[in-house]
Every structure is written in structure tokens, then in C-alpha cells.
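Peer 1: Here you go, structure-v8.cif (mmCIF, N, CA and C atoms, pLDDT in the B column; chains and numbers go by the auth columns):
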```
data_final
#
loop_
_atom_site.group_PDB
_atom_site.id
_atom_site.type_symbol
_atom_site.label_atom_id
_atom_site.label_comp_id
_atom_site.label_asym_id
_atom_site.label_seq_id
_atom_site.Cartn_x
_atom_site.Cartn_y
_atom_site.Cartn_z
_atom_site.B_iso_or_equiv
_atom_site.auth_seq_id
_atom_site.auth_asym_id
ATOM 1 N N MET A 1 0.850 -1.167 0.000 64.00 1 R
ATOM 2 C CA MET A 1 0.000 0.000 0.000 64.00 1 R
ATOM 3 C C MET A 1 0.898 1.233 0.000 64.00 1 R
ATOM 4 N N SER A 2 0.549 2.192 -0.814 80.00 2 R
ATOM 5 C CA SER A 2 1.351 3.406 -0.871 80.00 2 R
ATOM 6 C C SER A 2 1.082 4.292 0.340 80.00 2 R
ATOM 7 N N LEU A 3 1.988 5.201 0.578 80.00 3 R
ATOM 8 C CA LEU A 3 1.855 6.120 1.710 80.00 3 R
ATOM 9 C C LEU A 3 0.612 6.996 1.553 80.00 3 R
ATOM 10 N N THR A 4 0.323 7.423 0.343 86.00 4 R
ATOM 11 C CA THR A 4 -0.853 8.256 0.082 86.00 4 R
ATOM 12 C C THR A 4 -2.129 7.505 0.421 86.00 4 R
ATOM 13 N N VAL A 5 -2.205 6.258 0.019 88.00 5 R
ATOM 14 C CA VAL A 5 -3.383 5.439 0.303 88.00 5 R
ATOM 15 C C VAL A 5 -3.502 5.197 1.807 88.00 5 R
ATOM 16 N N ALA A 6 -2.387 4.944 2.469 84.00 6 R
ATOM 17 C CA ALA A 6 -2.411 4.715 3.915 84.00 6 R
ATOM 18 C C ALA A 6 -2.924 5.946 4.654 84.00 6 R
ATOM 19 N N ARG A 7 -2.491 7.115 4.234 87.00 7 R
ATOM 20 C CA ARG A 7 -2.965 8.346 4.880 87.00 7 R
ATOM 21 C C ARG A 7 -4.468 8.531 4.679 87.00 7 R
ATOM 22 N N GLU A 8 -4.933 8.320 3.463 89.00 8 R
ATOM 23 C CA GLU A 8 -6.358 8.458 3.171 89.00 8 R
ATOM 24 C C GLU A 8 -7.173 7.463 3.994 89.00 8 R
ATOM 25 N N LEU A 9 -6.705 6.242 4.086 87.00 9 R
ATOM 26 C CA LEU A 9 -7.396 5.211 4.848 87.00 9 R
ATOM 27 C C LEU A 9 -7.460 5.570 6.330 87.00 9 R
ATOM 28 N N LEU A 10 -6.375 6.097 6.874 86.00 10 R
ATOM 29 C CA LEU A 10 -6.344 6.467 8.290 86.00 10 R
ATOM 30 C C LEU A 10 -7.259 7.648 8.594 86.00 10 R
ATOM 31 N N ILE A 11 -7.335 8.597 7.681 86.00 11 R
ATOM 32 C CA ILE A 11 -8.238 9.731 7.880 86.00 11 R
ATOM 33 C C ILE A 11 -9.683 9.241 7.884 86.00 11 R
ATOM 34 N N ARG A 12 -10.016 8.365 6.941 88.00 12 R
ATOM 35 C CA ARG A 12 -11.376 7.824 6.896 88.00 12 R
ATOM 36 C C ARG A 12 -11.687 7.005 8.144 88.00 12 R
ATOM 37 N N LEU A 13 -10.725 6.229 8.593 85.00 13 R
ATOM 38 C CA LEU A 13 -10.915 5.440 9.806 85.00 13 R
ATOM 39 C C LEU A 13 -11.204 6.338 11.003 85.00 13 R
ATOM 40 N N ALA A 14 -10.431 7.406 11.149 83.00 14 R
ATOM 41 C CA ALA A 14 -10.619 8.327 12.275 83.00 14 R
ATOM 42 C C ALA A 14 -11.980 9.016 12.217 83.00 14 R
ATOM 43 N N LEU A 15 -12.448 9.333 11.009 84.00 15 R
ATOM 44 C CA LEU A 15 -13.743 9.989 10.872 84.00 15 R
ATOM 45 C C LEU A 15 -14.905 9.033 11.122 84.00 15 R
ATOM 46 N N MET A 16 -14.785 7.819 10.612 87.00 16 R
ATOM 47 C CA MET A 16 -15.886 6.862 10.716 87.00 16 R
ATOM 48 C C MET A 16 -15.913 6.097 12.042 87.00 16 R
ATOM 49 N N HIS A 17 -14.730 5.937 12.646 84.00 17 R
ATOM 50 C CA HIS A 17 -14.621 5.180 13.899 84.00 17 R
ATOM 51 C C HIS A 17 -13.730 5.933 14.889 84.00 17 R
ATOM 52 N N PRO A 18 -14.213 7.013 15.459 80.00 18 R
ATOM 53 C CA PRO A 18 -13.385 7.792 16.379 80.00 18 R
ATOM 54 C C PRO A 18 -12.991 7.022 17.639 80.00 18 R
ATOM 55 N N GLU A 19 -13.666 5.904 17.910 81.00 19 R
ATOM 56 C CA GLU A 19 -13.312 5.098 19.083 81.00 19 R
ATOM 57 C C GLU A 19 -12.022 4.311 18.873 81.00 19 R
ATOM 58 N N SER A 20 -11.535 4.237 17.636 73.00 20 R
ATOM 59 C CA SER A 20 -10.277 3.529 17.353 73.00 20 R
ATOM 60 C C SER A 20 -9.123 4.370 17.854 73.00 20 R
ATOM 61 N N ALA A 21 -8.518 3.956 18.930 71.00 21 R
ATOM 62 C CA ALA A 21 -7.460 4.754 19.554 71.00 21 R
ATOM 63 C C ALA A 21 -6.080 4.422 18.992 71.00 21 R
ATOM 64 N N ILE A 22 -5.844 3.152 18.695 79.00 22 R
ATOM 65 C CA ILE A 22 -4.524 2.730 18.241 79.00 22 R
ATOM 66 C C ILE A 22 -4.660 1.961 16.942 79.00 22 R
ATOM 67 N N VAL A 23 -3.813 2.292 15.984 80.00 23 R
ATOM 68 C CA VAL A 23 -3.754 1.584 14.716 80.00 23 R
ATOM 69 C C VAL A 23 -2.368 0.983 14.597 80.00 23 R
ATOM 70 N N CYS A 24 -2.299 -0.290 14.285 78.00 24 R
ATOM 71 C CA CYS A 24 -1.009 -0.957 14.115 78.00 24 R
ATOM 72 C C CYS A 24 -0.606 -0.931 12.652 78.00 24 R
ATOM 73 N N ALA A 25 0.668 -0.726 12.407 79.00 25 R
ATOM 74 C CA ALA A 25 1.184 -0.693 11.043 79.00 25 R
ATOM 75 C C ALA A 25 2.516 -1.431 10.993 79.00 25 R
ATOM 76 N N ASP A 26 2.813 -1.951 9.851 76.00 26 R
ATOM 77 C CA ASP A 26 4.084 -2.616 9.623 76.00 26 R
ATOM 78 C C ASP A 26 5.220 -1.615 9.848 76.00 26 R
ATOM 79 N N ALA A 27 6.334 -2.082 10.350 76.00 27 R
ATOM 80 C CA ALA A 27 7.471 -1.203 10.646 76.00 27 R
ATOM 81 C C ALA A 27 7.975 -0.462 9.408 76.00 27 R
ATOM 82 N N ALA A 28 7.688 -0.974 8.224 74.00 28 R
ATOM 83 C CA ALA A 28 8.113 -0.293 6.998 74.00 28 R
ATOM 84 C C ALA A 28 7.495 1.100 6.883 74.00 28 R
ATOM 85 N N TYR A 29 6.305 1.287 7.448 75.00 29 R
ATOM 86 C CA TYR A 29 5.671 2.603 7.376 75.00 29 R
ATOM 87 C C TYR A 29 6.375 3.628 8.254 75.00 29 R
ATOM 88 N N ALA A 30 7.129 3.201 9.232 74.00 30 R
ATOM 89 C CA ALA A 30 7.886 4.142 10.059 74.00 30 R
ATOM 90 C C ALA A 30 8.962 4.836 9.233 74.00 30 R
ATOM 91 N N LYS A 31 9.481 4.131 8.243 75.00 31 R
ATOM 92 C CA LYS A 31 10.495 4.717 7.367 75.00 31 R
ATOM 93 C C LYS A 31 9.906 5.801 6.475 75.00 31 R
ATOM 94 N N ASN A 32 8.595 5.726 6.219 76.00 32 R
ATOM 95 C CA ASN A 32 7.937 6.666 5.310 76.00 32 R
ATOM 96 C C ASN A 32 7.300 7.848 6.037 76.00 32 R
ATOM 97 N N ASP A 33 7.652 8.063 7.280 81.00 33 R
ATOM 98 C CA ASP A 33 7.163 9.193 8.071 81.00 33 R
ATOM 99 C C ASP A 33 5.665 9.164 8.319 81.00 33 R
ATOM 100 N N LEU A 34 5.045 7.996 8.247 83.00 34 R
ATOM 101 C CA LEU A 34 3.618 7.903 8.519 83.00 34 R
ATOM 102 C C LEU A 34 3.320 8.210 9.981 83.00 34 R
ATOM 103 N N VAL A 35 4.184 7.770 10.874 83.00 35 R
ATOM 104 C CA VAL A 35 3.987 8.024 12.308 83.00 35 R
ATOM 105 C C VAL A 35 4.081 9.521 12.591 83.00 35 R
ATOM 106 N N ALA A 36 5.068 10.181 12.008 84.00 36 R
ATOM 107 C CA ALA A 36 5.214 11.629 12.196 84.00 36 R
ATOM 108 C C ALA A 36 4.015 12.379 11.618 84.00 36 R
ATOM 109 N N TRP A 37 3.529 11.934 10.476 85.00 37 R
ATOM 110 C CA TRP A 37 2.353 12.555 9.860 85.00 37 R
ATOM 111 C C TRP A 37 1.140 12.404 10.775 85.00 37 R
ATOM 112 N N ALA A 38 0.951 11.231 11.351 84.00 38 R
ATOM 113 C CA ALA A 38 -0.217 10.961 12.199 84.00 38 R
ATOM 114 C C ALA A 38 -0.198 11.784 13.482 84.00 38 R
ATOM 115 N N LYS A 39 0.959 12.204 13.933 84.00 39 R
ATOM 116 C CA LYS A 39 1.038 13.009 15.162 84.00 39 R
ATOM 117 C C LYS A 39 0.355 14.366 15.009 84.00 39 R
ATOM 118 N N LYS A 40 0.131 14.798 13.768 85.00 40 R
ATOM 119 C CA LYS A 40 -0.580 16.047 13.525 85.00 40 R
ATOM 120 C C LYS A 40 -2.060 15.923 13.872 85.00 40 R
ATOM 121 N N TYR A 41 -2.536 14.685 13.933 79.00 41 R
ATOM 122 C CA TYR A 41 -3.946 14.416 14.187 79.00 41 R
ATOM 123 C C TYR A 41 -4.092 13.779 15.561 79.00 41 R
ATOM 124 N N PRO A 42 -4.689 14.478 16.496 77.00 42 R
ATOM 125 C CA PRO A 42 -4.742 13.969 17.879 77.00 42 R
ATOM 126 C C PRO A 42 -5.522 12.662 18.021 77.00 42 R
ATOM 127 N N ASP A 43 -6.407 12.343 17.079 76.00 43 R
ATOM 128 C CA ASP A 43 -7.204 11.120 17.186 76.00 43 R
ATOM 129 C C ASP A 43 -6.504 9.893 16.599 76.00 43 R
ATOM 130 N N LEU A 44 -5.328 10.084 16.007 81.00 44 R
ATOM 131 C CA LEU A 44 -4.617 8.961 15.393 81.00 44 R
ATOM 132 C C LEU A 44 -3.355 8.619 16.176 81.00 44 R
ATOM 133 N N THR A 45 -3.240 7.386 16.578 83.00 45 R
ATOM 134 C CA THR A 45 -2.021 6.882 17.203 83.00 45 R
ATOM 135 C C THR A 45 -1.615 5.639 16.435 83.00 45 R
ATOM 136 N N ILE A 46 -0.414 5.655 15.911 84.00 46 R
ATOM 137 C CA ILE A 46 0.063 4.517 15.137 84.00 46 R
ATOM 138 C C ILE A 46 1.158 3.812 15.914 84.00 46 R
ATOM 139 N N LYS A 47 0.991 2.527 16.061 83.00 47 R
ATOM 140 C CA LYS A 47 2.004 1.692 16.700 83.00 47 R
ATOM 141 C C LYS A 47 2.621 0.824 15.615 83.00 47 R
ATOM 142 N N THR A 48 3.919 0.974 15.420 81.00 48 R
ATOM 143 C CA THR A 48 4.583 0.144 14.419 81.00 48 R
ATOM 144 C C THR A 48 5.058 -1.148 15.063 81.00 48 R
ATOM 145 N N VAL A 49 4.915 -2.217 14.341 78.00 49 R
ATOM 146 C CA VAL A 49 5.294 -3.534 14.839 78.00 49 R
ATOM 147 C C VAL A 49 6.209 -4.220 13.835 78.00 49 R
ATOM 148 N N ARG A 50 7.110 -5.026 14.349 77.00 50 R
ATOM 149 C CA ARG A 50 8.021 -5.795 13.485 77.00 50 R
ATOM 150 C C ARG A 50 7.528 -7.229 13.382 77.00 50 R
ATOM 151 N N ARG A 51 7.787 -7.801 12.234 76.00 51 R
ATOM 152 C CA ARG A 51 7.471 -9.210 12.036 76.00 51 R
ATOM 153 C C ARG A 51 8.571 -10.052 12.656 76.00 51 R
ATOM 154 N N PRO A 52 8.228 -11.221 13.163 77.00 52 R
ATOM 155 C CA PRO A 52 9.283 -12.133 13.617 77.00 52 R
ATOM 156 C C PRO A 52 10.186 -12.491 12.429 77.00 52 R
ATOM 157 N N PRO A 53 11.469 -12.676 12.645 81.00 53 R
ATOM 158 C CA PRO A 53 12.409 -12.881 11.545 81.00 53 R
ATOM 159 C C PRO A 53 12.073 -14.070 10.637 81.00 53 R
ATOM 160 N N ASN A 54 11.511 -15.124 11.170 83.00 54 R
ATOM 161 C CA ASN A 54 11.245 -16.310 10.354 83.00 54 R
ATOM 162 C C ASN A 54 9.777 -16.430 9.948 83.00 54 R
ATOM 163 N N ALA A 55 8.994 -15.365 10.088 77.00 55 R
ATOM 164 C CA ALA A 55 7.558 -15.414 9.797 77.00 55 R
ATOM 165 C C ALA A 55 7.299 -15.397 8.297 77.00 55 R
ATOM 166 N N THR A 56 6.281 -16.138 7.900 79.00 56 R
ATOM 167 C CA THR A 56 5.820 -16.103 6.511 79.00 56 R
ATOM 168 C C THR A 56 4.310 -15.918 6.529 79.00 56 R
ATOM 169 N N GLY A 57 3.795 -15.243 5.526 78.00 57 R
ATOM 170 C CA GLY A 57 2.357 -15.021 5.451 78.00 57 R
ATOM 171 C C GLY A 57 1.886 -13.936 6.400 78.00 57 R
ATOM 172 N N PHE A 58 0.574 -13.913 6.627 73.00 58 R
ATOM 173 C CA PHE A 58 -0.030 -12.891 7.473 73.00 58 R
ATOM 174 C C PHE A 58 0.246 -13.183 8.945 73.00 58 R
ATOM 175 N N ILE A 59 0.620 -12.147 9.667 71.00 59 R
ATOM 176 C CA ILE A 59 0.855 -12.240 11.113 71.00 59 R
ATOM 177 C C ILE A 59 -0.052 -11.203 11.776 71.00 59 R
ATOM 178 N N GLU A 60 -0.856 -11.624 12.754 70.00 60 R
ATOM 179 C CA GLU A 60 -1.683 -10.666 13.489 70.00 60 R
ATOM 180 C C GLU A 60 -0.753 -9.888 14.407 70.00 60 R
ATOM 181 N N PRO A 61 -0.585 -8.578 14.158 61.00 61 R
ATOM 182 C CA PRO A 61 0.438 -7.821 14.880 61.00 61 R
ATOM 183 C C PRO A 61 0.072 -7.406 16.289 61.00 61 R
ATOM 184 N N PHE A 62 -1.211 -7.278 16.591 59.00 62 R
ATOM 185 C CA PHE A 62 -1.599 -6.678 17.867 59.00 62 R
ATOM 186 C C PHE A 62 -2.962 -7.218 18.259 59.00 62 R
ATOM 187 N N ARG A 63 -3.115 -7.562 19.474 61.00 63 R
ATOM 188 C CA ARG A 63 -4.390 -8.105 19.929 61.00 63 R
ATOM 189 C C ARG A 63 -4.841 -7.325 21.168 61.00 63 R
ATOM 190 N N VAL A 64 -6.034 -6.788 21.100 55.00 64 R
ATOM 191 C CA VAL A 64 -6.608 -6.060 22.241 55.00 64 R
ATOM 192 C C VAL A 64 -7.284 -7.060 23.156 55.00 64 R
ATOM 193 N N ARG A 65 -7.013 -6.982 24.427 51.00 65 R
ATOM 194 C CA ARG A 65 -7.617 -7.913 25.404 51.00 65 R
ATOM 195 C C ARG A 65 -8.556 -7.191 26.296 51.00 65 R
#
```
Written as C-alpha cells, that's how I'd like the structure from this file.
Peer 2:
Amino acid sequence: MSLTVARELLIRLALMHPESAIVCADAAYAKNDLVAWAKKYPDLTIKTVRRPPNATGFIEPFRVR
């Protein structure tokens, strides 16, 4: 997903679901300044997560309990 698409998706998420406090993103987005961009918006908090080194396929990065 491109950075532009990610930003648009996050803005829509914040507008449609303001109860979403934390959004998890792949660590690759930290390199693209997505976290810094999101800090401009008080309703968006992005937590970047790393994949385990030997992981393949989809990994659920964060689980709310």
C-alpha cells in the first residue's frame, strides 16, 4: 500500500470510527514518516510492529484484550 493510500485510509478510519485509539502498522511505514504525519492528528495513534524474523504469510500484529 502506498503512503498516500495509507494516509487516506487512516483519515477515513478516524472519521468513521473515532473510538479507534490505536492503529497498528508494519514497521516499513515508520520509514515513510507515517507516524510523524499521524502526530498532527490527535485522534490517530500509530504503533509500528516488526514481524518475527522467520515469519511467513499474514501475522496478526496486535491483539486487544
Peer 1: Could you give me, as a ChimeraX atom specification, each residue of chain R that DSSP assigns to helix (DSSP H, G or I) when run on this structure's backbone?
Peer 2: /R:3-16,28-31,34-38
Peer 1: May I have the selected residues written with N, CA and C atoms, as a PDB file, keeping the file's coordinate frame?
Peer 2:
```pdb
ATOM      1  N   LEU R   3       1.988   5.201   0.578  1.00 80.00           N
ATOM      2  CA  LEU R   3       1.855   6.120   1.710  1.00 80.00           C
ATOM      3  C   LEU R   3       0.612   6.996   1.553  1.00 80.00           C
ATOM      4  N   THR R   4       0.323   7.423   0.343  1.00 86.00           N
ATOM      5  CA  THR R   4      -0.853   8.256   0.082  1.00 86.00           C
ATOM      6  C   THR R   4      -2.129   7.505   0.421  1.00 86.00           C
ATOM      7  N   VAL R   5      -2.205   6.258   0.019  1.00 88.00           N
ATOM      8  CA  VAL R   5      -3.383   5.439   0.303  1.00 88.00           C
ATOM      9  C   VAL R   5      -3.502   5.197   1.807  1.00 88.00           C
ATOM     10  N   ALA R   6      -2.387   4.944   2.469  1.00 84.00           N
ATOM     11  CA  ALA R   6      -2.411   4.715   3.915  1.00 84.00           C
ATOM     12  C   ALA R   6      -2.924   5.946   4.654  1.00 84.00           C
ATOM     13  N   ARG R   7      -2.491   7.115   4.234  1.00 87.00           N
ATOM     14  CA  ARG R   7      -2.965   8.346   4.880  1.00 87.00           C
ATOM     15  C   ARG R   7      -4.468   8.531   4.679  1.00 87.00           C
ATOM     16  N   GLU R   8      -4.933   8.320   3.463  1.00 89.00           N
ATOM     17  CA  GLU R   8      -6.358   8.458   3.171  1.00 89.00           C
ATOM     18  C   GLU R   8      -7.173   7.463   3.994  1.00 89.00           C
ATOM     19  N   LEU R   9      -6.705   6.242   4.086  1.00 87.00           N
ATOM     20  CA  LEU R   9      -7.396   5.211   4.848  1.00 87.00           C
ATOM     21  C   LEU R   9      -7.460   5.570   6.330  1.00 87.00           C
ATOM     22  N   LEU R  10      -6.375   6.097   6.874  1.00 86.00           N
ATOM     23  CA  LEU R  10      -6.344   6.467   8.290  1.00 86.00           C
ATOM     24  C   LEU R  10      -7.259   7.648   8.594  1.00 86.00           C
ATOM     25  N   ILE R  11      -7.335   8.597   7.681  1.00 86.00           N
ATOM     26  CA  ILE R  11      -8.238   9.731   7.880  1.00 86.00           C
ATOM     27  C   ILE R  11      -9.683   9.241   7.884  1.00 86.00           C
ATOM     28  N   ARG R  12     -10.016   8.365   6.941  1.00 88.00           N
ATOM     29  CA  ARG R  12     -11.376   7.824   6.896  1.00 88.00           C
ATOM     30  C   ARG R  12     -11.687   7.005   8.144  1.00 88.00           C
ATOM     31  N   LEU R  13     -10.725   6.229   8.593  1.00 85.00           N
ATOM     32  CA  LEU R  13     -10.915   5.440   9.806  1.00 85.00           C
ATOM     33  C   LEU R  13     -11.204   6.338  11.003  1.00 85.00           C
ATOM     34  N   ALA R  14     -10.431   7.406  11.149  1.00 83.00           N
ATOM     35  CA  ALA R  14     -10.619   8.327  12.275  1.00 83.00           C
ATOM     36  C   ALA R  14     -11.980   9.016  12.217  1.00 83.00           C
ATOM     37  N   LEU R  15     -12.448   9.333  11.009  1.00 84.00           N
ATOM     38  CA  LEU R  15     -13.743   9.989  10.872  1.00 84.00           C
ATOM     39  C   LEU R  15     -14.905   9.033  11.122  1.00 84.00           C
ATOM     40  N   MET R  16     -14.785   7.819  10.612  1.00 87.00           N
ATOM     41  CA  MET R  16     -15.886   6.862  10.716  1.00 87.00           C
ATOM     42  C   MET R  16     -15.913   6.097  12.042  1.00 87.00           C
ATOM     43  N   ALA R  28       7.688  -0.974   8.224  1.00 74.00           N
ATOM     44  CA  ALA R  28       8.113  -0.293   6.998  1.00 74.00           C
ATOM     45  C   ALA R  28       7.495   1.100   6.883  1.00 74.00           C
ATOM     46  N   TYR R  29       6.305   1.287   7.448  1.00 75.00           N
ATOM     47  CA  TYR R  29       5.671   2.603   7.376  1.00 75.00           C
ATOM     48  C   TYR R  29       6.375   3.628   8.254  1.00 75.00           C
ATOM     49  N   ALA R  30       7.129   3.201   9.232  1.00 74.00           N
ATOM     50  CA  ALA R  30       7.886   4.142  10.059  1.00 74.00           C
ATOM     51  C   ALA R  30       8.962   4.836   9.233  1.00 74.00           C
ATOM     52  N   LYS R  31       9.481   4.131   8.243  1.00 75.00           N
ATOM     53  CA  LYS R  31      10.495   4.717   7.367  1.00 75.00           C
ATOM     54  C   LYS R  31       9.906   5.801   6.475  1.00 75.00           C
ATOM     55  N   LEU R  34       5.045   7.996   8.247  1.00 83.00           N
ATOM     56  CA  LEU R  34       3.618   7.903   8.519  1.00 83.00           C
ATOM     57  C   LEU R  34       3.320   8.210   9.981  1.00 83.00           C
ATOM     58  N   VAL R  35       4.184   7.770  10.874  1.00 83.00           N
ATOM     59  CA  VAL R  35       3.987   8.024  12.308  1.00 83.00           C
ATOM     60  C   VAL R  35       4.081   9.521  12.591  1.00 83.00           C
ATOM     61  N   ALA R  36       5.068  10.181  12.008  1.00 84.00           N
ATOM     62  CA  ALA R  36       5.214  11.629  12.196  1.00 84.00           C
ATOM     63  C   ALA R  36       4.015  12.379  11.618  1.00 84.00           C
ATOM     64  N   TRP R  37       3.529  11.934  10.476  1.00 85.00           N
ATOM     65  CA  TRP R  37       2.353  12.555   9.860  1.00 85.00           C
ATOM     66  C   TRP R  37       1.140  12.404  10.775  1.00 85.00           C
ATOM     67  N   ALA R  38       0.951  11.231  11.351  1.00 84.00           N
ATOM     68  CA  ALA R  38      -0.217  10.961  12.199  1.00 84.00           C
ATOM     69  C   ALA R  38      -0.198  11.784  13.482  1.00 84.00           C
TER      70      ALA R  38
END
```
Peer 1: Have a look at R:Val49, R:Leu44, R:Ala30, R:Ala36 and name the one nearest to R:Ile11; count only C-alpha atoms.
Peer 2: R:Leu44
Peer 1: Go through R:Ile46, R:Leu15, R:Ile59, R:Ile22 and flag the residue nearest R:Leu34, using all atoms listed in the file for the distances.
Peer 2: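 The answer is R:Ile46, which sits nearest to R:Leu34.
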Peer 1: What gap, in Å, lies between atom CA of R:Lys47 and atom CA of R:Cys24?
Peer 2: 4.8 Å
Peer 1: Apply the PyMOL selection byres (((chain R and resi 43 and name CA) around 10) and name CA) to the structure shown and report the selected residues as a list in words.
Peer 2: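 Taken on the displayed file, the PyMOL selection byres (((chain R and resi 43 and name CA) around 10) and name CA) yields the residues Ile11, Ala14, Leu15, Pro18, Glu19, Ser20, Ala21, Ile22, Ala38, Lys39, Lys40, Tyr41, Pro42, Leu44 and Thr45 of chain R.
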Peer 1: Measuring between all atoms listed in the file, which one of R:Pro52, R:Leu3, R:Leu9, R:His17 shows the shortest distance to R:Tyr29?
Peer 2: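 Closest to R:Tyr29 of all the choices is R:Leu3.
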Peer 1: So how far away is atom CA of R:Arg51 from atom CA of R:Ala28, in Å?
Peer 2: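 Separation of atom CA of R:Ala28 and atom CA of R:Arg51: 10.3 Å.
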Peer 1: Please compute the atom N of R:Asp26-atom C of R:Ser2 distance, one decimal, in Å.
Peer 2: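 Atom C of R:Ser2 lies 11.5 Å from atom N of R:Asp26.
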Peer 1: From a DSSP pass on the backbone, collect the residues of chain R flagged as strand (DSSP E) and hand them back as a PyMOL selection string.
Peer 2: chain R and resi 23-26+46-49
Peer 1: Complete the atom set of stretch 33-40 of chain R to all heavy atoms and return it as a PDB file, in the frame of the given file.
Peer 2:
```
ATOM      1  N   ASP R  33       7.652   8.063   7.280  1.00 81.00           N
ATOM      2  CA  ASP R  33       7.163   9.193   8.071  1.00 81.00           C
ATOM      3  C   ASP R  33       5.665   9.164   8.319  1.00 81.00           C
ATOM      4  O   ASP R  33       5.060  10.192   8.583  1.00 81.00           O
ATOM      5  CB  ASP R  33       7.548  10.530   7.431  1.00 81.00           C
ATOM      6  CG  ASP R  33       9.048  10.759   7.434  1.00 81.00           C
ATOM      7  OD1 ASP R  33       9.704  10.302   8.390  1.00 81.00           O
ATOM      8  OD2 ASP R  33       9.564  11.381   6.489  1.00 81.00           O
ATOM      9  N   LEU R  34       5.045   7.996   8.247  1.00 83.00           N
ATOM     10  CA  LEU R  34       3.618   7.903   8.519  1.00 83.00           C
ATOM     11  C   LEU R  34       3.320   8.210   9.981  1.00 83.00           C
ATOM     12  O   LEU R  34       2.335   8.881  10.297  1.00 83.00           O
ATOM     13  CB  LEU R  34       3.087   6.512   8.158  1.00 83.00           C
ATOM     14  CG  LEU R  34       1.577   6.320   8.276  1.00 83.00           C
ATOM     15  CD1 LEU R  34       0.855   7.205   7.267  1.00 83.00           C
ATOM     16  CD2 LEU R  34       1.206   4.864   8.066  1.00 83.00           C
ATOM     17  N   VAL R  35       4.184   7.770  10.874  1.00 83.00           N
ATOM     18  CA  VAL R  35       3.987   8.024  12.308  1.00 83.00           C
ATOM     19  C   VAL R  35       4.081   9.521  12.591  1.00 83.00           C
ATOM     20  O   VAL R  35       3.255  10.079  13.317  1.00 83.00           O
ATOM     21  CB  VAL R  35       5.003   7.221  13.144  1.00 83.00           C
ATOM     22  CG1 VAL R  35       4.872   7.550  14.615  1.00 83.00           C
ATOM     23  CG2 VAL R  35       4.828   5.724  12.915  1.00 83.00           C
ATOM     24  N   ALA R  36       5.068  10.181  12.008  1.00 84.00           N
ATOM     25  CA  ALA R  36       5.214  11.629  12.196  1.00 84.00           C
ATOM     26  C   ALA R  36       4.015  12.379  11.618  1.00 84.00           C
ATOM     27  O   ALA R  36       3.526  13.337  12.222  1.00 84.00           O
ATOM     28  CB  ALA R  36       6.501  12.106  11.540  1.00 84.00           C
ATOM     29  N   TRP R  37       3.529  11.934  10.476  1.00 85.00           N
ATOM     30  CA  TRP R  37       2.353  12.555   9.860  1.00 85.00           C
ATOM     31  C   TRP R  37       1.140  12.404  10.775  1.00 85.00           C
ATOM     32  O   TRP R  37       0.375  13.345  10.957  1.00 85.00           O
ATOM     33  CB  TRP R  37       2.101  11.910   8.495  1.00 85.00           C
ATOM     34  CG  TRP R  37       0.809  12.303   7.878  1.00 85.00           C
ATOM     35  CD1 TRP R  37       0.571  13.427   7.139  1.00 85.00           C
ATOM     36  CD2 TRP R  37      -0.428  11.603   7.967  1.00 85.00           C
ATOM     37  NE1 TRP R  37      -0.751  13.460   6.766  1.00 85.00           N
ATOM     38  CE2 TRP R  37      -1.385  12.342   7.261  1.00 85.00           C
ATOM     39  CE3 TRP R  37      -0.822  10.423   8.569  1.00 85.00           C
ATOM     40  CZ2 TRP R  37      -2.706  11.944   7.141  1.00 85.00           C
ATOM     41  CZ3 TRP R  37      -2.143  10.017   8.459  1.00 85.00           C
ATOM     42  CH2 TRP R  37      -3.064  10.772   7.742  1.00 85.00           C
ATOM     43  N   ALA R  38       0.951  11.231  11.351  1.00 84.00           N
ATOM     44  CA  ALA R  38      -0.217  10.961  12.199  1.00 84.00           C
ATOM     45  C   ALA R  38      -0.198  11.784  13.482  1.00 84.00           C
ATOM     46  O   ALA R  38      -1.259  12.038  14.065  1.00 84.00           O
ATOM     47  CB  ALA R  38      -0.295   9.473  12.526  1.00 84.00           C
ATOM     48  N   LYS R  39       0.959  12.204  13.933  1.00 84.00           N
ATOM     49  CA  LYS R  39       1.038  13.009  15.162  1.00 84.00           C
ATOM     50  C   LYS R  39       0.355  14.366  15.009  1.00 84.00           C
ATOM     51  O   LYS R  39       0.015  15.007  15.997  1.00 84.00           O
ATOM     52  CB  LYS R  39       2.494  13.188  15.591  1.00 84.00           C
ATOM     53  CG  LYS R  39       3.066  11.917  16.165  1.00 84.00           C
ATOM     54  CD  LYS R  39       4.487  12.110  16.633  1.00 84.00           C
ATOM     55  CE  LYS R  39       5.020  10.788  17.172  1.00 84.00           C
ATOM     56  NZ  LYS R  39       6.409  10.887  17.588  1.00 84.00           N
ATOM     57  N   LYS R  40       0.131  14.798  13.768  1.00 85.00           N
ATOM     58  CA  LYS R  40      -0.580  16.047  13.525  1.00 85.00           C
ATOM     59  C   LYS R  40      -2.060  15.923  13.872  1.00 85.00           C
ATOM     60  O   LYS R  40      -2.742  16.910  14.050  1.00 85.00           O
ATOM     61  CB  LYS R  40      -0.465  16.452  12.054  1.00 85.00           C
ATOM     62  CG  LYS R  40       0.918  16.824  11.613  1.00 85.00           C
ATOM     63  CD  LYS R  40       0.854  17.339  10.194  1.00 85.00           C
ATOM     64  CE  LYS R  40       1.823  16.600   9.333  1.00 85.00           C
ATOM     65  NZ  LYS R  40       1.717  16.972   7.925  1.00 85.00           N
TER      66      LYS R  40
END
```
